[in-house]
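Enquirer: Right, I'll just put the structure down here and ask away after.
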Amino acid sequence: MMAVGMTGVHAQGAGADLPTHMVADMFKPLSRPAEMIHETSLLVLVICAVIFFVVAGLLLYIVVRFRKKATDNTQEPPQIYGSTNIELAWTVIPILITVVLILVTSRTIGEVQNAKLPEDALQVRVVGHQWWWEVHYPQYGIITANEIHIPVSSKDPKKARPTELILQSADVIHSFWVPQLAGKTDLIPNRTNKMWVDPYTIGTYFGNCAEYCGTQHANMLLRVIVDTPENFEKWIADQKAPVPPPQTAQEIEGRRLYYANACVNCHTIGDSVSKGIFGPDLTKLMTRQTIGAGVAPLNHENLLSWVRDPQILKVGCLMPNMQLLDNEAEAITAYLETLK
Amino acid sequence: MASDTIVDPDFKVPAPERVGEEGKTWSHVIQNLVFTVDHKKLGLMYIGAGLLFFVVAGIMATLIRIQLFFPRSTFLDPDVFNRFFTMHGTAMVFLVGMPMIFGFANYLIPIMIGTRDMAYPRLNAFGFWVFFFSGLLLYFSYFGAPGLYNAGSAPDVGWFAYSPLTAKAFSRGHSTDYWTLSILLGGIGSLATSINILVTTFCLRCKGMTLGRMPLFVWLFVVVAFLVIIALPPLSACQIMLTLDRYLGAKFFDTQAGGDAVLWQHFFWIFGHPEVYILILPGFAIANEIIPVFSRKPIFGYPIMVAATVMIAFISLGVWAHHMFTVGMTSLGNTFFAISTMVIAVPTGIKIFNWLGTMWGGKLHFDLPMVFCLAFLFQFLIAGLTGVMLSVVPFDWQLSDSYFVVAHFHYVLIGALLYTFFAGIYYWYPKAFGRMLNRKLGFWHFWLFTIGFHLTFFPQHISGFLGMPRRIFTYEAGRGWEIWNQLSTIGVIIQIPGILFFVYNLIYSYFKGEEAGDDPWDAWTLEWATTSPPPEYNFEKIPEVRSRRPLWDLKHPDDPDWKFE
Amino acid sequence: MSSAELTNTASDWKLPSQRKVGMICLILTESSLFTIFVVAYVWYMGKSLNGPFPKEVLHVPWLASIALFGSSFTVTIAEKFLHKGNRALFHVWWLITIALGAYFVYFTGAEWYHLIYKENLTISTNVFGSTFYSLVGLHASHVIVGLILLSIVVISSFRGKLDPGHSEHVEMIAWYWHFVDAIWVVVLTLVYFISVNY
């Protein structure tokens, strides 16, 4: 089924040379909203740990101190029915702790949720599909999939350029979660949610769809590629640049086959007649690092396997086996490999 | 009127007819089970059926864990995996948790309040059989659901089945219909049983058993039954809506036609969060009986315990959206539900402290029921604190739908609820069958299961911190999740022999266990005043009580409770 | 809770009636069920993407509502006569109650026929159709259950099977009927007075 394993190292695709943050540890936040959450979390963890040790210690003490000893007589211990003062004490103390938690929580909710983003914040519209991510850059007129490129921001509010994510869904509910950048927010059909990230360091950040969305929920993987503003602009320019036409006979045959088969119904390639929107946009396919929403690295072998039968790499995915002959699949793959 | 429900104390009960006592054949036994309206038999059948479904759903969980041992494992297909976690979750909540609590309620409430049966014995039997049939219906989906399209077999939409994943467009075939109908049916059974519990406790208490003298066990079940009749209809309502959507083309959750996917979440969790308390309060109820007896002291702060329970139930009706902090509510909405969720920690904390207060100054006997209750206290403490973490909205934005949540609610449902079920079974088995459960086998069960439980679920907190979402059938290597998943799976392998010791003990002790006598634990509530097992009519003479601990009064005439209460 | 109060005789040990507690529980749980359908209706008011909309097709059912509210009074009068032992008048008022209830069900049927065949509003037309038919239908089904219960009472009475010991049974059926009426107050206000603004 999953013939091809994944590693953190990829030779191919835009941003492949950046450091990877594969272990998405929420206690190592690298973005402002994640850091705000992190601070609150630490406080809560400490409070909870103190309560735990006090109560568990008390329990242990009671178990040792009041256990029935072999030397005990058979007499029953004094029968105590309750004590108003003690009850009052252990009602008031939890209330005080709760008040502290409520204050901390409501403050952070406001700070994260109602944050004012600067005018020049990058906007990225992410549309969840079963089981991949459609990514729009409305300010640049670019559409891509699964790998979100954004510029690095700064801790200095004057230099910061955060990214606003506009979250929508085309089918069922999904959830956008890249733990080191921010908490998760759901993508819900017929609704628009917003969240924002503000990363401090460059790198490739890993995340997942966090709301169960059907068969391949596990392989709805996310990559956020954070690069320097210059490299980001370069990536934008590259995405906008026209694709060179196919050269070799095989590539030309591949293009013919692509347009002759049902591919065009689901995929878009640039300004051509291929205008399908059901599957990922293929205009700049080869600038991506992975295929199938992160299920495998994008290389010749995997692309050929995918074109021949997507159900091998990602069983249950909505792209059917097109029943191509070997030479047809190879030709289409050769054509797709010109899309860079 | 009321008086006709009180049994004349001078009334002599005729000797019961023992159907099929001589030459007891299997058909007699089955006939006896199918036609019985006796609350004790139904109670045991509830618990037996619950244990049966527990084993089935547990096997599914084991297969899930095996699949997650290695990254990119191909042991299970994604659809098979998704069906397993859906069936595991649905079965554990509706076919294990609910019948087990109703089993304990059925068996014990009438005896504890000193009456001969539930108020509506036939409704009681109806409730059981409806539940049992709903369970069979759910599992029958494995055979029946492919239908015309041959698409999907068992439900694979997750136990809270978020729309629109359940819409015809995304869930073809009939698997979701089986799920919906099974839950609708099970809900009817639960409502019938809960109404029965309420009527029984309000109308059939023996003389002197005022509300303030009822065992806390009974009090907590009154609250649970109230929660069921208020909180379960929303579940039924949204199942009806989903059925209308799927069969008549209604638009309740059709996002293409202006329907709202989030509405399902609201309706589901208006049921779903009180359901958590419906499940855990019976756990508290069992602990409330066991901890005092094995500490040799009365429960500390009885009125406060009742008040805290009522508070928990009341607040639990207003916390549902804490399951929905990631759907994009306003900051005001998020804050409101965070506050209500945190406030519920106060009465819960009071309960824990009262249990500690009960043990303080006592003479703790470490028999099996008490040992399981102590583990319950420890594990519930952890579960409660991780619950507090989840109620902190920003923290929840990270933790929600991650493995941390999986760890949290397994600490609640296994660490707290299942442990009290075990405690309850060790405590009342001698009453139900007249024989003690074997102590040695019991401790093997306790240690293996406890070690396995913590090894399985504690690492899941950490994989959650490392960004592992729940309900994924596989994961890529290098995300830092391997070791925690492998520890989890090893934990399951340790739990399994623990459960086997338990099941073996149930069977072994039935035949070879030590004779228990009427009152093996030297306890104080009415169930220990009758024989073990109790006769069908429970008490030869309906008792009369003067305090919360009638048997204490009997055993200590010089120092009776009613002088102090 | 002194010992003194325990020296009372058995006759002082009074517990509530099983039937009343049971009926209160049933009404509570039914109310919870209705609440969800009412909330769904409110949630989707004005959210339909296409017509027909409430303001175009709904007309206040004055007559049917008067009939249903009236039946709450007639059932009370009938109960009074049952208590007094006047079986003839009990039958008359009880049958009037059934007739009023039956008229209400007839009205709902006629209204639905009109909506489906003349206005092309079905449960699958829009979210208004879905919430309208489910809410009104749930209520109408409760009226039908009530009618069956009322009929059982009058049939048993005709067959001489209704004796004074059954007065509490009859009272419980009346309670249920009042509950069905009370639900109609909510449905009428919400569906025919408030939602017609959308």
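For the structure tokens, the naming scheme is as follows: chains receive sequential letters (A, B, ...) according to their order of presentation, residues are indexed from 1 within each chain, and ligands are indexed from 1 in presentation order.
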Need the shell around stretch 122-138 of chain C: protein/DNA/RNA residues with any atom at most 8 Å away, counting only C-alpha atoms. Skip same-chain ones fewer than 5 positions apart. Format as a PyMOL selection string?

Expert: (chain B and resi 248-252+257-259) or (chain C and resi 34+37-38+40-41+44-45+47-51+53-54+115-116+187+191)

Enquirer: Mind the document's chain letters and residue numbers, and return as a VMD selection string the residues of stretch 103-171 of chain C that DSSP labels helix (DSSP H, G or I).

Expert: chain C and resid 103 to 118 127 to 158 164 to 171

Enquirer: So which residues of stretch 169-281 of chain A fall under strand (DSSP E or B) by DSSP, listed as a ChimeraX atom specification?

Expert: /A:169,174-177,185-187,193-197,199,203-209,221-227,268,275

Enquirer: Would you list which chain B residues are within 8 Å of chain C using only C-alpha atoms, as a ChimeraX atom specification?

Expert: /B:1-3,119,195-196,198-200,202-205,207-208,229-231,233-234,236-237,248-252,257-259,263,267,546,562-563,565

Enquirer: Dump N, CA and C atoms for the selected residues as a tab-separated table (two decimals), in the first residue's frame?

Expert:
chain	number	residue	atom	x	y	z
B	1	MET	N	-52.92	5.55	44.92
B	1	MET	CA	-52.15	6.60	45.58
B	1	MET	C	-50.85	6.07	46.16
B	2	ALA	N	-50.21	6.94	46.92
B	2	ALA	CA	-48.87	6.60	47.38
B	2	ALA	C	-48.84	5.38	48.28
B	3	SER	N	-49.83	5.29	49.13
B	3	SER	CA	-49.75	4.26	50.16
B	3	SER	C	-49.74	2.84	49.57
B	119	ALA	N	-39.80	0.38	39.77
B	119	ALA	CA	-41.19	0.81	39.71
B	119	ALA	C	-41.91	0.18	38.52
B	195	ILE	N	-36.09	7.00	33.46
B	195	ILE	CA	-37.37	7.36	34.06
B	195	ILE	C	-37.71	6.36	35.15
B	196	ASN	N	-37.41	5.12	34.87
B	196	ASN	CA	-37.65	4.06	35.85
B	196	ASN	C	-36.85	4.30	37.13
B	198	LEU	N	-35.76	7.14	38.30
B	198	LEU	CA	-36.29	8.29	39.02
B	198	LEU	C	-37.56	7.92	39.77
B	199	VAL	N	-38.48	7.24	39.08
B	199	VAL	CA	-39.74	6.89	39.73
B	199	VAL	C	-39.48	5.95	40.90
B	200	THR	N	-38.57	5.00	40.70
B	200	THR	CA	-38.27	4.06	41.77
B	200	THR	C	-37.75	4.78	43.01
B	202	PHE	N	-38.00	7.95	43.84
B	202	PHE	CA	-38.89	8.91	44.48
B	202	PHE	C	-40.09	8.23	45.13
B	203	CYS	N	-40.51	7.10	44.59
B	203	CYS	CA	-41.80	6.55	45.01
B	203	CYS	C	-41.72	5.25	45.78
B	204	LEU	N	-40.58	4.60	45.82
B	204	LEU	CA	-40.57	3.26	46.41
B	204	LEU	C	-39.61	3.11	47.59
B	205	ARG	N	-39.20	4.21	48.19
B	205	ARG	CA	-38.26	4.06	49.30
B	205	ARG	C	-38.93	3.42	50.51
B	207	LYS	N	-39.69	2.57	54.54
B	207	LYS	CA	-40.07	3.50	55.59
B	207	LYS	C	-38.83	4.10	56.25
B	208	GLY	N	-38.82	5.41	56.43
B	208	GLY	CA	-37.71	6.08	57.08
B	208	GLY	C	-36.61	6.51	56.13
B	229	ILE	N	-32.44	12.16	31.10
B	229	ILE	CA	-33.70	12.55	30.47
B	229	ILE	C	-33.64	13.96	29.90
B	230	ILE	N	-32.74	14.79	30.40
B	230	ILE	CA	-32.61	16.13	29.82
B	230	ILE	C	-31.64	16.12	28.64
B	231	ALA	N	-30.55	15.40	28.75
B	231	ALA	CA	-29.46	15.53	27.77
B	231	ALA	C	-29.55	14.53	26.63
B	233	PRO	N	-32.35	13.48	24.83
B	233	PRO	CA	-33.20	13.85	23.69
B	233	PRO	C	-32.50	14.69	22.62
B	234	PRO	N	-31.58	15.61	22.98
B	234	PRO	CA	-30.87	16.30	21.90
B	234	PRO	C	-30.14	15.33	20.96
B	236	SER	N	-31.09	12.21	20.34
B	236	SER	CA	-32.13	11.59	19.51
B	236	SER	C	-32.59	12.56	18.44
B	237	ALA	N	-32.76	13.84	18.84
B	237	ALA	CA	-33.23	14.83	17.87
B	237	ALA	C	-32.27	14.95	16.71
B	248	LEU	N	-34.89	11.61	3.33
B	248	LEU	CA	-35.92	12.45	2.69
B	248	LEU	C	-35.31	13.70	2.07
B	249	GLY	N	-34.01	13.80	2.07
B	249	GLY	CA	-33.38	14.95	1.44
B	249	GLY	C	-33.56	16.24	2.21
B	250	ALA	N	-33.81	16.17	3.52
B	250	ALA	CA	-33.90	17.40	4.31
B	250	ALA	C	-32.54	18.10	4.31
B	251	LYS	N	-32.53	19.35	4.73
B	251	LYS	CA	-31.33	20.18	4.56
B	251	LYS	C	-30.67	20.57	5.87
B	252	PHE	N	-30.99	19.87	6.96
B	252	PHE	CA	-30.48	20.32	8.26
B	252	PHE	C	-28.98	20.56	8.24
B	257	ALA	N	-27.05	23.87	0.83
B	257	ALA	CA	-28.38	24.48	0.79
B	257	ALA	C	-28.60	25.42	1.96
B	258	GLY	N	-27.51	25.95	2.51
B	258	GLY	CA	-27.66	26.88	3.61
B	258	GLY	C	-27.66	26.21	4.98
B	259	GLY	N	-27.55	24.88	4.98
B	259	GLY	CA	-27.46	24.19	6.26
B	259	GLY	C	-26.13	24.48	6.94
B	263	LEU	N	-24.06	23.28	13.48
B	263	LEU	CA	-25.26	22.99	14.26
B	263	LEU	C	-25.21	21.57	14.81
B	267	PHE	N	-25.62	20.44	18.75
B	267	PHE	CA	-26.61	19.47	19.23
B	267	PHE	C	-25.92	18.24	19.80
B	546	ARG	N	-33.45	4.34	60.08
B	546	ARG	CA	-33.48	5.54	60.90
B	546	ARG	C	-32.28	6.44	60.59
B	562	TRP	N	-28.12	7.62	63.95
B	562	TRP	CA	-29.22	8.59	63.96
B	562	TRP	C	-29.14	9.57	65.11
B	563	LYS	N	-28.23	9.28	66.06
B	563	LYS	CA	-28.04	10.25	67.14
B	563	LYS	C	-27.24	11.45	66.66
B	565	GLU	N	-26.66	12.38	63.08
B	565	GLU	CA	-26.85	12.95	61.75
B	565	GLU	C	-27.66	14.24	61.78

Enquirer: Just to confirm, what's the straight-line distance from atom CA of A:Thr105 to atom CA of A:Ala210 in Å (one decimal)?

Expert: 22.4 Å

Enquirer: Just need the residues of chain A within 6 Å of chain B, counting only C-alpha atoms, so spit them out as a list of chain:residue names.

Expert: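 That gives A:Met22, A:Val23, A:Ala24, A:Asp25, A:Met26, A:Ile37, A:Ser41, A:Cys48, A:Phe66, A:Arg67, A:Lys68, A:Pro77, A:Gln79, A:Tyr81, A:Gly82, A:Pro94, A:Thr105, A:Ser106, A:Val172, A:Gly183, A:Lys184, A:Thr185, A:Asp186, A:Asn190, A:Asn193, A:Ala210, A:Thr215, A:Ala218 for chain A.
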
Enquirer: Can I get the selection written as a short mmCIF file (atom, residue, chain, number, x, y, z; two decimals), in the first residue's frame, with C-alpha atoms?

Expert:
data_model
loop_
_atom_site.label_atom_id
_atom_site.label_comp_id
_atom_site.auth_asym_id
_atom_site.auth_seq_id
_atom_site.Cartn_x
_atom_site.Cartn_y
_atom_site.Cartn_z
CA MET A 22 9.63 17.98 11.56
CA VAL A 23 8.99 17.38 15.25
CA ALA A 24 6.12 19.79 15.76
CA ASP A 25 6.66 20.32 19.48
CA MET A 26 4.12 22.83 20.76
CA ILE A 37 -0.35 30.13 23.72
CA SER A 41 0.16 26.77 28.70
CA CYS A 48 -1.78 21.82 37.54
CA PHE A 66 -3.98 5.46 58.03
CA ARG A 67 -3.56 1.95 56.70
CA LYS A 68 -4.82 -0.75 59.03
CA PRO A 77 -12.03 4.50 64.24
CA GLN A 79 -16.83 8.34 63.22
CA TYR A 81 -19.42 13.04 59.59
CA GLY A 82 -17.97 16.25 58.20
CA PRO A 94 -10.31 25.89 44.11
CA THR A 105 -7.37 32.45 29.70
CA SER A 106 -9.62 35.30 28.72
CA VAL A 172 -16.28 18.26 4.96
CA GLY A 183 -3.10 26.68 17.44
CA LYS A 184 -5.53 24.92 15.17
CA THR A 185 -8.60 26.36 13.46
CA ASP A 186 -11.25 24.40 11.61
CA ASN A 190 -20.24 27.37 4.21
CA ASN A 193 -12.58 31.20 9.57
CA ALA A 210 -6.56 17.75 12.76
CA THR A 215 -10.46 7.71 4.61
CA ALA A 218 -3.98 10.71 8.15
#

Enquirer: Write out as a count of residues only which residues come within 8 Å of B:Gly318 when counting only C-alpha atoms, dropping same-chain ones fewer than 3 positions away.

Expert: 5

Enquirer: For a test of reading the model, state the distance in Å between atom CA of B:Leu418 and atom CA of B:Asn124, rounded to one decimal.

Expert: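 Separation of atom CA of B:Leu418 and atom CA of B:Asn124: 23.7 Å.
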
Enquirer: List the neighbours of B:Val276 out to 12 Å using only C-alpha atoms; skip same-chain residues closer than 5 positions along the sequence, and give me the result as number ranges by chain.

Expert: B: 93-94, 97-98, 224, 227-228, 231-232, 269-271, 281-283, 312-313, 316-317, 319-320, 323, 387, 409-410, 412-413, 416-417

Enquirer: For a test of reading the model, state the distance in Å between atom CA of B:Phe457 and atom CA of B:Met370, rounded to one decimal.

Expert: 22.7 Å

Enquirer: Can you pull out every residue within 10 Å of C:Leu63, counting only C-alpha atoms, but drop anything in the same chain fewer than 4 positions away, and send it as a PyMOL selection string?

Expert: chain C and resi 67-69+103-104+107

Enquirer: Using only C-alpha atoms, which residues sit within 6 Å of stretch 441-448 of chain B once same-chain residues fewer than 4 positions away are excluded, as a PyMOL selection string?

Expert: chain B and resi 452+495+498+501-502

Enquirer: Can you pull out every residue within 12 Å of A:Pro242, counting only C-alpha atoms, but drop anything in the same chain fewer than 6 positions away, and send it as JSON, numbers by chain?

Expert: {"A": [269, 270, 271, 272, 283, 284, 338, 339, 340]}
